[in-house]
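**Student:** Handing over structure00.pdb, PDB, C-alpha atoms, pLDDT in the B column.
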ATOM      1  CA  MET A   1     100.552  97.263 138.582  1.00 57.00           C
ATOM      2  CA  GLU A   2     101.277  99.939 141.163  1.00 59.00           C
ATOM      3  CA  MET A   3     104.116  97.898 142.667  1.00 60.00           C
ATOM      4  CA  VAL A   4     105.849  97.475 139.324  1.00 61.00           C
ATOM      5  CA  ALA A   5     105.263 101.113 138.444  1.00 59.00           C
ATOM      6  CA  CYS A   6     106.731 102.376 141.715  1.00 61.00           C
ATOM      7  CA  GLU A   7     109.811 100.225 141.159  1.00 56.00           C
ATOM      8  CA  SER A   8     110.184 101.726 137.716  1.00 52.00           C
ATOM      9  CA  GLU A   9     109.842 105.301 136.484  1.00 51.00           C
ATOM     10  CA  TYR A  10     106.234 105.874 137.496  1.00 50.00           C
ATOM     11  CA  GLY A  11     104.998 109.267 136.405  1.00 56.00           C
ATOM     12  CA  LYS A  12     107.621 109.510 133.670  1.00 64.00           C
ATOM     13  CA  ILE A  13     107.020 106.433 131.578  1.00 71.00           C
ATOM     14  CA  TRP A  14     104.055 104.106 131.103  1.00 76.00           C
ATOM     15  CA  PRO A  15     104.050 101.188 130.939  1.00 80.00           C
ATOM     16  CA  PRO A  16     107.084 100.803 133.219  1.00 80.00           C
ATOM     17  CA  LYS A  17     110.117  98.938 131.908  1.00 79.00           C
ATOM     18  CA  ASN A  18     110.273  95.230 132.692  1.00 76.00           C
ATOM     19  CA  ILE A  19     113.056  93.248 134.325  1.00 73.00           C
ATOM     20  CA  ASN A  20     115.074  93.358 131.096  1.00 74.00           C
ATOM     21  CA  GLY A  21     114.821  97.141 130.832  1.00 77.00           C
ATOM     22  CA  TYR A  22     112.307  96.817 127.972  1.00 80.00           C
ATOM     23  CA  GLN A  23     109.184  98.958 127.772  1.00 84.00           C
ATOM     24  CA  PRO A  24     106.354  96.612 126.708  1.00 87.00           C
ATOM     25  CA  LYS A  25     103.820  97.500 124.025  1.00 90.00           C
ATOM     26  CA  PHE A  26     100.083  96.778 124.095  1.00 92.00           C
ATOM     27  CA  PHE A  27      98.706  94.816 121.167  1.00 94.00           C
ATOM     28  CA  LEU A  28      95.103  93.898 120.398  1.00 95.00           C
ATOM     29  CA  GLU A  29      94.712  91.108 117.851  1.00 95.00           C
ATOM     30  CA  LEU A  30      91.395  90.469 116.106  1.00 95.00           C
ATOM     31  CA  THR A  31      90.925  86.940 114.792  1.00 94.00           C
ATOM     32  CA  GLN A  32      88.156  88.046 112.407  1.00 92.00           C
ATOM     33  CA  PRO A  33      88.891  91.708 111.675  1.00 87.00           C
ATOM     34  CA  ASP A  34      86.216  92.022 108.972  1.00 87.00           C
ATOM     35  CA  GLU A  35      83.418  90.597 111.119  1.00 89.00           C
ATOM     36  CA  GLU A  36      81.790  91.399 114.436  1.00 88.00           C
ATOM     37  CA  ILE A  37      82.380  89.048 117.348  1.00 92.00           C
ATOM     38  CA  ARG A  38      79.915  89.498 120.178  1.00 93.00           C
ATOM     39  CA  LYS A  39      81.162  87.990 123.440  1.00 91.00           C
ATOM     40  CA  VAL A  40      81.241  88.376 127.196  1.00 92.00           C
ATOM     41  CA  ILE A  41      84.632  89.463 128.541  1.00 88.00           C
ATOM     42  CA  LYS A  42      85.763  89.145 132.135  1.00 86.00           C
ATOM     43  CA  PRO A  43      88.724  91.305 133.173  1.00 87.00           C
ATOM     44  CA  ASP A  44      91.750  89.377 134.385  1.00 86.00           C
ATOM     45  CA  VAL A  45      95.058  91.128 133.707  1.00 85.00           C
ATOM     46  CA  ALA A  46      97.260  89.549 136.389  1.00 83.00           C
ATOM     47  CA  PRO A  47      98.547  86.678 134.186  1.00 83.00           C
ATOM     48  CA  TYR A  48      99.567  89.148 131.481  1.00 84.00           C
ATOM     49  CA  TRP A  49     101.520  91.302 133.911  1.00 84.00           C
ATOM     50  CA  LYS A  50     103.272  88.263 135.378  1.00 81.00           C
ATOM     51  CA  TRP A  51     104.182  87.099 131.892  1.00 81.00           C
ATOM     52  CA  VAL A  52     105.484  90.466 130.719  1.00 82.00           C
ATOM     53  CA  TYR A  53     107.365  91.420 133.879  1.00 81.00           C
ATOM     54  CA  GLY A  54     108.880  88.011 134.635  1.00 73.00           C
ATOM     55  CA  TRP A  55     107.267  87.212 137.973  1.00 70.00           C
ATOM     56  CA  TRP A  56     107.855  83.484 137.387  1.00 65.00           C
ATOM     57  CA  PRO A  57     110.664  81.748 139.373  1.00 65.00           C
ATOM     58  CA  GLU A  58     112.971  81.630 136.347  1.00 66.00           C
ATOM     59  CA  GLY A  59     112.182  85.175 135.245  1.00 61.00           C
ATOM     60  CA  PRO A  60     111.183  86.030 131.663  1.00 60.00           C
ATOM     61  CA  GLN A  61     112.028  83.448 129.033  1.00 62.00           C
ATOM     62  CA  GLU A  62     112.648  85.970 126.260  1.00 63.00           C
ATOM     63  CA  GLU A  63     114.295  89.372 126.086  1.00 57.00           C
ATOM     64  CA  ASN A  64     111.210  91.315 125.033  1.00 57.00           C
ATOM     65  CA  ARG A  65     107.754  90.497 126.332  1.00 75.00           C
ATOM     66  CA  ASP A  66     104.679  92.406 125.214  1.00 87.00           C
ATOM     67  CA  PHE A  67     101.039  92.553 126.272  1.00 91.00           C
ATOM     68  CA  HIS A  68      99.229  90.648 123.529  1.00 91.00           C
ATOM     69  CA  PHE A  69      95.438  90.309 123.775  1.00 93.00           C
ATOM     70  CA  ILE A  70      93.368  88.279 121.315  1.00 94.00           C
ATOM     71  CA  ASP A  71      89.775  89.493 120.860  1.00 94.00           C
ATOM     72  CA  ASP A  72      90.019  91.043 124.332  1.00 92.00           C
ATOM     73  CA  PRO A  73      89.704  94.850 124.280  1.00 91.00           C
ATOM     74  CA  VAL A  74      88.751  95.074 127.968  1.00 91.00           C
ATOM     75  CA  ASN A  75      91.947  93.573 129.347  1.00 91.00           C
ATOM     76  CA  ALA A  76      94.024  95.417 126.755  1.00 92.00           C
ATOM     77  CA  PHE A  77      92.457  98.665 127.930  1.00 91.00           C
ATOM     78  CA  ILE A  78      92.892  97.930 131.636  1.00 89.00           C
ATOM     79  CA  SER A  79      96.499  96.831 131.158  1.00 87.00           C
ATOM     80  CA  ALA A  80      97.211 100.101 129.381  1.00 84.00           C
ATOM     81  CA  GLY A  81      96.799 101.725 132.801  1.00 79.00           C
ATOM     82  CA  CYS A  82      93.141 102.730 132.517  1.00 82.00           C
ATOM     83  CA  ILE A  83      91.437 101.819 135.758  1.00 83.00           C
ATOM     84  CA  GLY A  84      88.746 103.763 137.558  1.00 89.00           C
ATOM     85  CA  LYS A  85      85.736 105.442 136.011  1.00 93.00           C
ATOM     86  CA  CYS A  86      85.299 104.538 132.339  1.00 94.00           C
ATOM     87  CA  ALA A  87      82.730 105.085 129.615  1.00 95.00           C
ATOM     88  CA  LEU A  88      81.269 102.377 127.404  1.00 95.00           C
ATOM     89  CA  LEU A  89      81.014 103.661 123.828  1.00 96.00           C
ATOM     90  CA  SER A  90      79.315 102.255 120.757  1.00 95.00           C
ATOM     91  CA  THR A  91      80.423 102.993 117.207  1.00 93.00           C
ATOM     92  CA  ASP A  92      77.243 101.785 115.468  1.00 90.00           C
ATOM     93  CA  ASP A  93      73.507 101.616 116.029  1.00 88.00           C
ATOM     94  CA  ASP A  94      73.391  98.541 118.249  1.00 88.00           C
ATOM     95  CA  PRO A  95      73.410  98.828 122.057  1.00 88.00           C
ATOM     96  CA  TYR A  96      76.649  96.888 122.535  1.00 92.00           C
ATOM     97  CA  PRO A  97      79.864  98.805 123.221  1.00 94.00           C
ATOM     98  CA  GLU A  98      82.972  98.418 121.079  1.00 93.00           C
ATOM     99  CA  LEU A  99      85.172 100.759 123.089  1.00 94.00           C
ATOM    100  CA  LEU A 100      86.099 101.652 126.623  1.00 93.00           C
ATOM    101  CA  ALA A 101      87.234 105.196 127.299  1.00 95.00           C
ATOM    102  CA  ALA A 102      88.703 106.912 130.342  1.00 94.00           C
ATOM    103  CA  GLN A 103      86.115 109.210 131.931  1.00 95.00           C
ATOM    104  CA  CYS A 104      86.731 112.290 134.035  1.00 94.00           C
ATOM    105  CA  GLY A 105      83.602 113.497 135.811  1.00 91.00           C
ATOM    106  CA  PRO A 106      80.945 114.593 135.452  1.00 91.00           C
ATOM    107  CA  GLY A 107      82.216 116.876 138.185  1.00 90.00           C
ATOM    108  CA  PRO A 108      81.680 120.424 139.410  1.00 89.00           C
ATOM    109  CA  ASN A 109      83.538 122.025 136.472  1.00 93.00           C
ATOM    110  CA  ILE A 110      84.440 119.399 133.867  1.00 94.00           C
ATOM    111  CA  PHE A 111      83.149 116.364 132.010  1.00 95.00           C
ATOM    112  CA  ALA A 112      85.674 114.633 129.739  1.00 96.00           C
ATOM    113  CA  ILE A 113      86.220 111.407 127.802  1.00 96.00           C
ATOM    114  CA  SER A 114      89.611 110.137 126.570  1.00 95.00           C
ATOM    115  CA  ILE A 115      89.374 107.514 123.819  1.00 95.00           C
ATOM    116  CA  PRO A 116      92.366 105.284 123.011  1.00 93.00           C
ATOM    117  CA  THR A 117      94.023 105.497 119.608  1.00 94.00           C
ATOM    118  CA  PHE A 118      95.782 102.769 117.661  1.00 95.00           C
ATOM    119  CA  LYS A 119      98.592 101.989 115.280  1.00 95.00           C
ATOM    120  CA  GLN A 120      97.627  99.338 112.750  1.00 95.00           C
ATOM    121  CA  ILE A 121     100.464  96.809 112.625  1.00 94.00           C
ATOM    122  CA  ASP A 122      98.850  94.462 110.096  1.00 93.00           C
ATOM    123  CA  GLU A 123      95.383  93.321 109.047  1.00 91.00           C
ATOM    124  CA  HIS A 124      94.778  91.625 112.408  1.00 94.00           C
ATOM    125  CA  THR A 125      96.876  93.529 114.949  1.00 95.00           C
ATOM    126  CA  TYR A 126      96.606  96.988 116.505  1.00 96.00           C
ATOM    127  CA  GLN A 127      98.924  98.676 118.985  1.00 94.00           C
ATOM    128  CA  ILE A 128      97.365 100.923 121.633  1.00 93.00           C
ATOM    129  CA  LEU A 129      99.160 104.273 121.648  1.00 90.00           C
ATOM    130  CA  ASP A 130      99.692 106.966 124.266  1.00 83.00           C
ATOM    131  CA  ASP A 131      98.176 109.653 122.030  1.00 85.00           C
ATOM    132  CA  TRP A 132      94.490 109.540 123.048  1.00 91.00           C
ATOM    133  CA  LYS A 133      91.600 111.614 121.719  1.00 94.00           C
ATOM    134  CA  ASP A 134      90.143 113.946 124.337  1.00 95.00           C
ATOM    135  CA  PHE A 135      86.608 115.348 124.319  1.00 96.00           C
ATOM    136  CA  THR A 136      85.935 117.888 127.064  1.00 96.00           C
ATOM    137  CA  VAL A 137      83.176 120.197 128.275  1.00 95.00           C
ATOM    138  CA  LYS A 138      83.978 122.818 130.932  1.00 95.00           C
ATOM    139  CA  TYR A 139      81.390 124.813 132.844  1.00 93.00           C
ATOM    140  CA  ASP A 140      80.572 126.711 136.008  1.00 91.00           C
ATOM    141  CA  ALA A 141      79.266 124.631 138.903  1.00 87.00           C
ATOM    142  CA  LEU A 142      75.782 126.213 138.691  1.00 88.00           C
ATOM    143  CA  ASP A 143      75.362 125.186 135.037  1.00 87.00           C
ATOM    144  CA  LYS A 144      76.778 121.678 135.285  1.00 84.00           C
ATOM    145  CA  GLU A 145      73.533 119.716 134.819  1.00 85.00           C
ATOM    146  CA  LYS A 146      72.676 121.761 131.718  1.00 89.00           C
ATOM    147  CA  LYS A 147      76.143 121.196 130.258  1.00 90.00           C
ATOM    148  CA  TYR A 148      76.399 117.403 130.618  1.00 91.00           C
ATOM    149  CA  PRO A 149      74.486 116.715 127.356  1.00 93.00           C
ATOM    150  CA  GLU A 150      76.997 118.780 125.372  1.00 94.00           C
ATOM    151  CA  LEU A 151      79.641 116.080 125.779  1.00 96.00           C
ATOM    152  CA  TYR A 152      77.260 113.388 124.512  1.00 95.00           C
ATOM    153  CA  GLU A 153      76.517 115.564 121.467  1.00 96.00           C
ATOM    154  CA  ILE A 154      80.234 116.116 120.762  1.00 96.00           C
ATOM    155  CA  LEU A 155      80.858 112.373 120.991  1.00 97.00           C
ATOM    156  CA  GLU A 156      77.990 111.569 118.613  1.00 96.00           C
ATOM    157  CA  LYS A 157      79.256 114.103 116.063  1.00 95.00           C
ATOM    158  CA  ASN A 158      82.545 112.177 116.113  1.00 95.00           C
ATOM    159  CA  GLY A 159      80.875 108.768 115.703  1.00 95.00           C
ATOM    160  CA  PHE A 160      80.712 107.549 119.332  1.00 96.00           C
ATOM    161  CA  LYS A 161      77.495 106.854 121.209  1.00 96.00           C
ATOM    162  CA  TYR A 162      77.758 107.059 125.008  1.00 96.00           C
ATOM    163  CA  ILE A 163      76.077 104.026 126.585  1.00 95.00           C
ATOM    164  CA  LYS A 164      76.938 104.289 130.290  1.00 93.00           C
ATOM    165  CA  GLU A 165      79.800 104.523 132.763  1.00 93.00           C
ATOM    166  CA  VAL A 166      81.422 101.653 134.648  1.00 92.00           C
ATOM    167  CA  ASP A 167      83.989 101.461 137.406  1.00 91.00           C
ATOM    168  CA  VAL A 168      86.888  99.362 136.118  1.00 88.00           C
ATOM    169  CA  PRO A 169      87.581  96.671 137.052  1.00 85.00           C
ATOM    170  CA  LYS A 170      85.065  96.466 139.927  1.00 85.00           C
ATOM    171  CA  ASP A 171      81.806  96.785 137.982  1.00 85.00           C
ATOM    172  CA  ILE A 172      82.687  95.170 134.661  1.00 86.00           C
ATOM    173  CA  LEU A 173      80.581  92.059 135.094  1.00 84.00           C
ATOM    174  CA  PRO A 174      80.127  89.033 132.830  1.00 82.00           C
ATOM    175  CA  GLU A 175      76.725  90.278 131.656  1.00 85.00           C
ATOM    176  CA  ILE A 176      78.382  93.203 129.835  1.00 88.00           C
ATOM    177  CA  VAL A 177      78.676  92.015 126.256  1.00 92.00           C
ATOM    178  CA  PHE A 178      81.160  93.625 123.881  1.00 93.00           C
ATOM    179  CA  ASP A 179      81.090  93.933 120.133  1.00 93.00           C
ATOM    180  CA  ILE A 180      84.628  93.161 119.037  1.00 93.00           C
ATOM    181  CA  GLN A 181      85.548  94.687 115.704  1.00 91.00           C
ATOM    182  CA  LYS A 182      88.157  96.883 114.080  1.00 92.00           C
ATOM    183  CA  PRO A 183      88.664 100.311 115.676  1.00 92.00           C
ATOM    184  CA  PRO A 184      87.118 103.141 113.641  1.00 92.00           C
ATOM    185  CA  GLU A 185      89.422 104.798 111.114  1.00 93.00           C
ATOM    186  CA  SER A 186      89.308 108.017 113.169  1.00 93.00           C
ATOM    187  CA  LEU A 187      91.164 106.201 115.967  1.00 95.00           C
ATOM    188  CA  ILE A 188      93.804 104.608 113.742  1.00 95.00           C
ATOM    189  CA  ILE A 189      96.276 107.469 113.703  1.00 92.00           C
ATOM    190  CA  GLU A 190      99.218 105.516 112.357  1.00 86.00           C
ATOM    191  CA  LYS A 191      99.719 102.532 110.089  1.00 86.00           C
ATOM    192  CA  ALA A 192     102.883 100.469 109.948  1.00 78.00           C
ATOM    193  CA  ALA A 193     104.731 101.307 106.743  1.00 70.00           C
ATOM    194  CA  LYS A 194     105.107  98.462 104.281  1.00 63.00           C
ATOM    195  CA  PRO A 195     108.757  97.918 103.348  1.00 54.00           C
ATOM    196  CA  GLN A 196     109.605  99.263  99.900  1.00 55.00           C
ATOM    197  CA  PRO A 197     112.165  97.514  97.666  1.00 53.00           C
ATOM    198  CA  SER A 198     115.531  99.257  97.773  1.00 51.00           C
ATOM    199  CA  PRO A 199     119.163  98.495  96.834  1.00 51.00           C
ATOM    200  CA  GLU A 200     119.879  97.736 100.490  1.00 52.00           C
ATOM    201  CA  MET A 201     117.273  94.956 100.686  1.00 47.00           C
ATOM    202  CA  PRO A 202     117.934  91.305  99.739  1.00 44.00           C
ATOM    203  CA  THR A 203     117.014  90.391  96.158  1.00 38.00           C
ATOM    204  CA  SER A 204     116.876  87.187  94.139  1.00 38.00           C
ATOM    205  CA  GLU A 205     120.480  87.887  93.165  1.00 38.00           C
ATOM    206  CA  GLY A 206     121.647  88.124  96.754  1.00 37.00           C
ATOM    207  CA  LEU A 207     122.274  90.958  99.162  1.00 34.00           C
ATOM    208  CA  VAL A 208     123.306  94.228  97.547  1.00 36.00           C
ATOM    209  CA  VAL A 209     125.884  96.024  99.654  1.00 35.00           C
ATOM    210  CA  PRO A 210     125.268  99.778  99.384  1.00 35.00           C
ATOM    211  CA  THR A 211     128.039 102.316  98.909  1.00 36.00           C
ATOM    212  CA  ILE A 212     128.062 104.792 101.781  1.00 35.00           C
ATOM    213  CA  THR A 213     129.035 108.306 100.823  1.00 38.00           C
ATOM    214  CA  SER A 214     130.357 110.923 103.231  1.00 38.00           C
ATOM    215  CA  GLU A 215     126.921 112.573 103.237  1.00 41.00           C
ATOM    216  CA  GLN A 216     125.289 109.299 104.360  1.00 39.00           C
ATOM    217  CA  ARG A 217     127.694 108.620 107.198  1.00 37.00           C
ATOM    218  CA  PRO A 218     126.122 109.201 110.634  1.00 39.00           C
ATOM    219  CA  SER A 219     127.226 112.252 112.542  1.00 41.00           C
ATOM    220  CA  PRO A 220     129.515 111.458 115.476  1.00 40.00           C
ATOM    221  CA  THR A 221     127.721 111.283 118.809  1.00 40.00           C
ATOM    222  CA  PRO A 222     128.948 113.104 121.935  1.00 39.00           C
ATOM    223  CA  GLU A 223     129.892 109.711 123.399  1.00 40.00           C
ATOM    224  CA  SER A 224     132.015 108.755 120.383  1.00 38.00           C
ATOM    225  CA  ASN A 225     133.819 112.120 120.548  1.00 40.00           C
ATOM    226  CA  ALA A 226     134.737 111.854 124.224  1.00 40.00           C
ATOM    227  CA  GLY A 227     138.474 112.357 124.659  1.00 39.00           C
ATOM    228  CA  GLU A 228     139.021 113.125 120.948  1.00 39.00           C
ATOM    229  CA  THR A 229     139.720 116.316 119.022  1.00 34.00           C
ATOM    230  CA  PRO A 230     136.580 117.093 116.983  1.00 37.00           C
ATOM    231  CA  GLY A 231     137.041 116.682 113.222  1.00 39.00           C
ATOM    232  CA  PHE A 232     140.366 114.811 113.381  1.00 37.00           C
ATOM    233  CA  GLY A 233     140.557 111.238 112.099  1.00 44.00           C
ATOM    234  CA  ILE A 234     143.734 109.168 111.719  1.00 43.00           C
ATOM    235  CA  GLY A 235     144.547 110.678 108.301  1.00 48.00           C
ATOM    236  CA  GLU A 236     144.107 114.215 109.552  1.00 47.00           C
ATOM    237  CA  VAL A 237     146.286 113.544 112.607  1.00 40.00           C
ATOM    238  CA  LEU A 238     149.128 112.090 110.481  1.00 45.00           C
ATOM    239  CA  ALA A 239     148.885 115.016 108.077  1.00 50.00           C
ATOM    240  CA  SER A 240     149.006 117.544 110.911  1.00 51.00           C
ATOM    241  CA  LEU A 241     152.040 115.772 112.468  1.00 47.00           C
ATOM    242  CA  ALA A 242     153.844 115.834 109.120  1.00 50.00           C
ATOM    243  CA  ALA A 243     153.068 119.538 108.713  1.00 51.00           C
ATOM    244  CA  ALA A 244     154.357 120.221 112.220  1.00 48.00           C
ATOM    245  CA  GLY A 245     157.596 118.336 111.409  1.00 53.00           C
ATOM    246  CA  ILE A 246     158.161 120.392 108.278  1.00 49.00           C
ATOM    247  CA  ALA A 247     157.526 123.625 110.210  1.00 46.00           C
ATOM    248  CA  THR A 248     160.041 122.588 112.892  1.00 47.00           C
ATOM    249  CA  LEU A 249     162.622 121.748 110.221  1.00 47.00           C
ATOM    250  CA  LYS A 250     162.219 125.230 108.619  1.00 47.00           C
ATOM    251  CA  ILE A 251     162.677 126.945 111.995  1.00 45.00           C
ATOM    252  CA  ARG A 252     165.883 125.022 112.644  1.00 49.00           C
ATOM    253  CA  LYS A 253     167.239 125.963 109.185  1.00 48.00           C
ATOM    254  CA  LYS A 254     166.574 129.647 109.907  1.00 49.00           C
ATOM    255  CA  LYS A 255     168.451 129.395 113.211  1.00 49.00           C
TER     256      LYS A 255
END
Could you show the structure in this file as structure tokens?

**Tutor:**
Amino acid sequence: MEMVACESEYGKIWPPKNINGYQPKFFLELTQPDEEIRKVIKPDVAPYWKWVYGWWPEGPQEENRDFHFIDDPVNAFISAGCIGKCALLSTDDDPYPELLAAQCGPGPNIFAISIPTFKQIDEHTYQILDDWKDFTVKYDALDKEKKYPELYEILEKNGFKYIKEVDVPKDILPEIVFDIQKPPESLIIEKAAKPQPSPEMPTSEGLVVPTITSEQRPSPTPESNAGETPGFGIGEVLASLAAAGIATLKIRKKK
């Protein structure tokens, strides 16, 4: 991961662009979104990274390759760049975690948890987004042990029960069992819009070609204007040349 990131735009963009210049997306697919699946998950992200970034002899087979995990929130989370100290969180009353979250501290002055958020693509598929939910408690070093419980209370008020911390991927062992189910609604911050029928869309009568008015035409980009006089199309240029010819003719008549 670090090697690919250093070759790309590490620090500016995550995940880094692949060999085709495409920035992959992270998808988590749930085969039974309306039911709980309780299973042991072992982290192993190397095959996904090879697949997405084209580390095979022939390179990638398709233009766009994405990280696509089926019933596998652990590897989806790790591939999203979250390695190191993490929190296991539960969203219900059982002792099995449904979520991993990035954990900062507890340290001398701060204790924080960052929980991933999702875009719901369809009934089964969720995209992990960059916009994470942060819960933080800050304190003076002398009061740190008294302040730790405040973060647990804040999490519980928001529907997350703190189970324990793990060091990813070193200490995620097979005996850690995950409850795999839909992310809570509070973490689904965006849903893919369903296409609405419009005159531009195909119908049973065939494709309707829309009429584009001057207001609907896209504004010219700086690149398209390079080397041109702003606001002058072919018609305007011909008209201005004709006007210049008439003006020249009048001057000659006066002389």

**Student:** Report as a list in words the full result of the PyMOL selection byres ((chain A and resi 94) around 12) when it is applied to this structure.

**Tutor:** Glu36, Arg38, Leu89, Ser90, Thr91, Asp92, Asp93, Pro95, Tyr96, Pro97, Glu98, Phe160, Lys161, Tyr162, Ile163, Val177, Phe178 and Asp179 of chain A

**Student:** Residues near Pro73 (chain A), anyone? I mean within 12 Å using all atoms listed in the file, not counting same-chain ones fewer than 3 positions away, as number ranges by chain.

**Tutor:** A: 26-30, 37-45, 67-70, 76-80, 82, 88, 97-101, 116, 118, 125-128, 177-183

**Student:** Taking into account only C-alpha atoms, which residue in the set A:Pro184, A:Pro15, A:Gly105, A:Pro174 is nearest to Val74 (chain A)?

**Tutor:**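 Smallest distance to Val74 (chain A) is found for A:Pro174.
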
**Student:** Neighbouring residues of Ile188 (chain A) were defined as those with any atom within 6 Å, considering only C-alpha atoms; residues of the same chain fewer than 3 positions away were excluded. Please report them as a PDB file with C-alpha atoms, in the frame of the given file.

**Tutor:**
ATOM      1  CA  THR A 117      94.023 105.497 119.608  1.00 94.00           C
ATOM      2  CA  PHE A 118      95.782 102.769 117.661  1.00 95.00           C
ATOM      3  CA  LYS A 119      98.592 101.989 115.280  1.00 95.00           C
ATOM      4  CA  GLU A 185      89.422 104.798 111.114  1.00 93.00           C
TER       5      GLU A 185
END

**Student:** Grab the CA of Val137 (chain A) to CA of Gln103 (chain A) distance for me, in Å with one decimal place.

**Tutor:**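 Atom-to-atom, CA of Val137 (chain A) to CA of Gln103 (chain A), that is 11.9 Å.
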
**Student:** Would you mind reading off the distance between CA of Lys85 (chain A) and CA of Asp167 (chain A), one decimal, in Å?

**Tutor:**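 For CA of Lys85 (chain A) relative to CA of Asp167 (chain A), the distance reads 4.6 Å.
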
**Student:** If you measure from CA of Asn20 (chain A) to CA of Asp122 (chain A), what distance in Å do you get, rounded to one decimal?

**Tutor:**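 CA of Asp122 (chain A) lies 26.6 Å from CA of Asn20 (chain A).
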
**Student:** Can you pull out the residues contacting region 107-115 of chain A? Cut-off 6 Å, using all atoms listed in the file, and skip same-chain residues under 5 positions away; I want them as a ChimeraX atom specification.

**Tutor:** /A:101-102,132-141

**Student:** Could you save those same residues with C-alpha atoms as a CSV table (one decimal), in the coordinates of the input?

**Tutor:**
chain,number,residue,atom,x,y,z
A,101,ALA,CA,87.2,105.2,127.3
A,102,ALA,CA,88.7,106.9,130.3
A,132,TRP,CA,94.5,109.5,123.0
A,133,LYS,CA,91.6,111.6,121.7
A,134,ASP,CA,90.1,113.9,124.3
A,135,PHE,CA,86.6,115.3,124.3
A,136,THR,CA,85.9,117.9,127.1
A,137,VAL,CA,83.2,120.2,128.3
A,138,LYS,CA,84.0,122.8,130.9
A,139,TYR,CA,81.4,124.8,132.8
A,140,ASP,CA,80.6,126.7,136.0
A,141,ALA,CA,79.3,124.6,138.9

**Student:** What residues come out when you apply the PyMOL selection byres ((chain A and resi 166) around 9) to this file, written as number ranges by chain?

**Tutor:** A: 84-88, 164-165, 167-172

**Student:** Determine the residue membership of the PyMOL selection byres ((chain A and resi 52) around 7) for the file above and supply it as a list in words.

**Tutor:**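 So the PyMOL selection byres ((chain A and resi 52) around 7) ends up selecting Tyr48, Trp49, Lys50, Trp51, Tyr53, Gly54, Arg65, Asp66 and Phe67 of chain A.
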
**Student:** Could you write those residues out with C-alpha atoms, as a tab-separated table (two decimals), keeping the file's coordinate frame?

**Tutor:**
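Saved as again_35.tsv:
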chain	number	residue	atom	x	y	z
A	48	TYR	CA	99.57	89.15	131.48
A	49	TRP	CA	101.52	91.30	133.91
A	50	LYS	CA	103.27	88.26	135.38
A	51	TRP	CA	104.18	87.10	131.89
A	53	TYR	CA	107.36	91.42	133.88
A	54	GLY	CA	108.88	88.01	134.64
A	65	ARG	CA	107.75	90.50	126.33
A	66	ASP	CA	104.68	92.41	125.21
A	67	PHE	CA	101.04	92.55	126.27

**Student:** Output region 76-87 of chain A with N, CA and C atoms present, as a short mmCIF file (atom, residue, chain, number, x, y, z; two decimals), in the frame of the given file.

**Tutor:**
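Generated file (selection-v4.cif):
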data_model
loop_
_atom_site.label_atom_id
_atom_site.label_comp_id
_atom_site.auth_asym_id
_atom_site.auth_seq_id
_atom_site.Cartn_x
_atom_site.Cartn_y
_atom_site.Cartn_z
N ALA A 76 93.02 94.57 127.40
CA ALA A 76 94.02 95.42 126.76
C ALA A 76 93.92 96.83 127.30
N PHE A 77 92.70 97.31 127.45
CA PHE A 77 92.46 98.66 127.93
C PHE A 77 92.90 98.81 129.38
N ILE A 78 92.53 97.85 130.22
CA ILE A 78 92.89 97.93 131.64
C ILE A 78 94.40 97.85 131.80
N SER A 79 95.05 96.97 131.04
CA SER A 79 96.50 96.83 131.16
C SER A 79 97.23 98.08 130.69
N ALA A 80 96.60 98.86 129.84
CA ALA A 80 97.21 100.10 129.38
C ALA A 80 97.18 101.17 130.47
N GLY A 81 96.75 100.79 131.67
CA GLY A 81 96.80 101.72 132.80
C GLY A 81 95.50 102.44 133.05
N CYS A 82 94.41 102.02 132.41
CA CYS A 82 93.14 102.73 132.52
C CYS A 82 92.22 102.02 133.49
N ILE A 83 92.33 102.37 134.76
CA ILE A 83 91.44 101.82 135.76
C ILE A 83 90.73 102.98 136.44
N GLY A 84 89.55 102.71 136.96
CA GLY A 84 88.75 103.76 137.56
C GLY A 84 87.47 103.95 136.76
N LYS A 85 87.00 105.17 136.70
CA LYS A 85 85.74 105.44 136.01
C LYS A 85 85.96 105.44 134.50
N CYS A 86 85.16 104.64 133.80
CA CYS A 86 85.30 104.54 132.34
C CYS A 86 83.94 104.62 131.67
N ALA A 87 83.95 105.00 130.41
CA ALA A 87 82.73 105.08 129.62
C ALA A 87 82.69 103.92 128.64
#
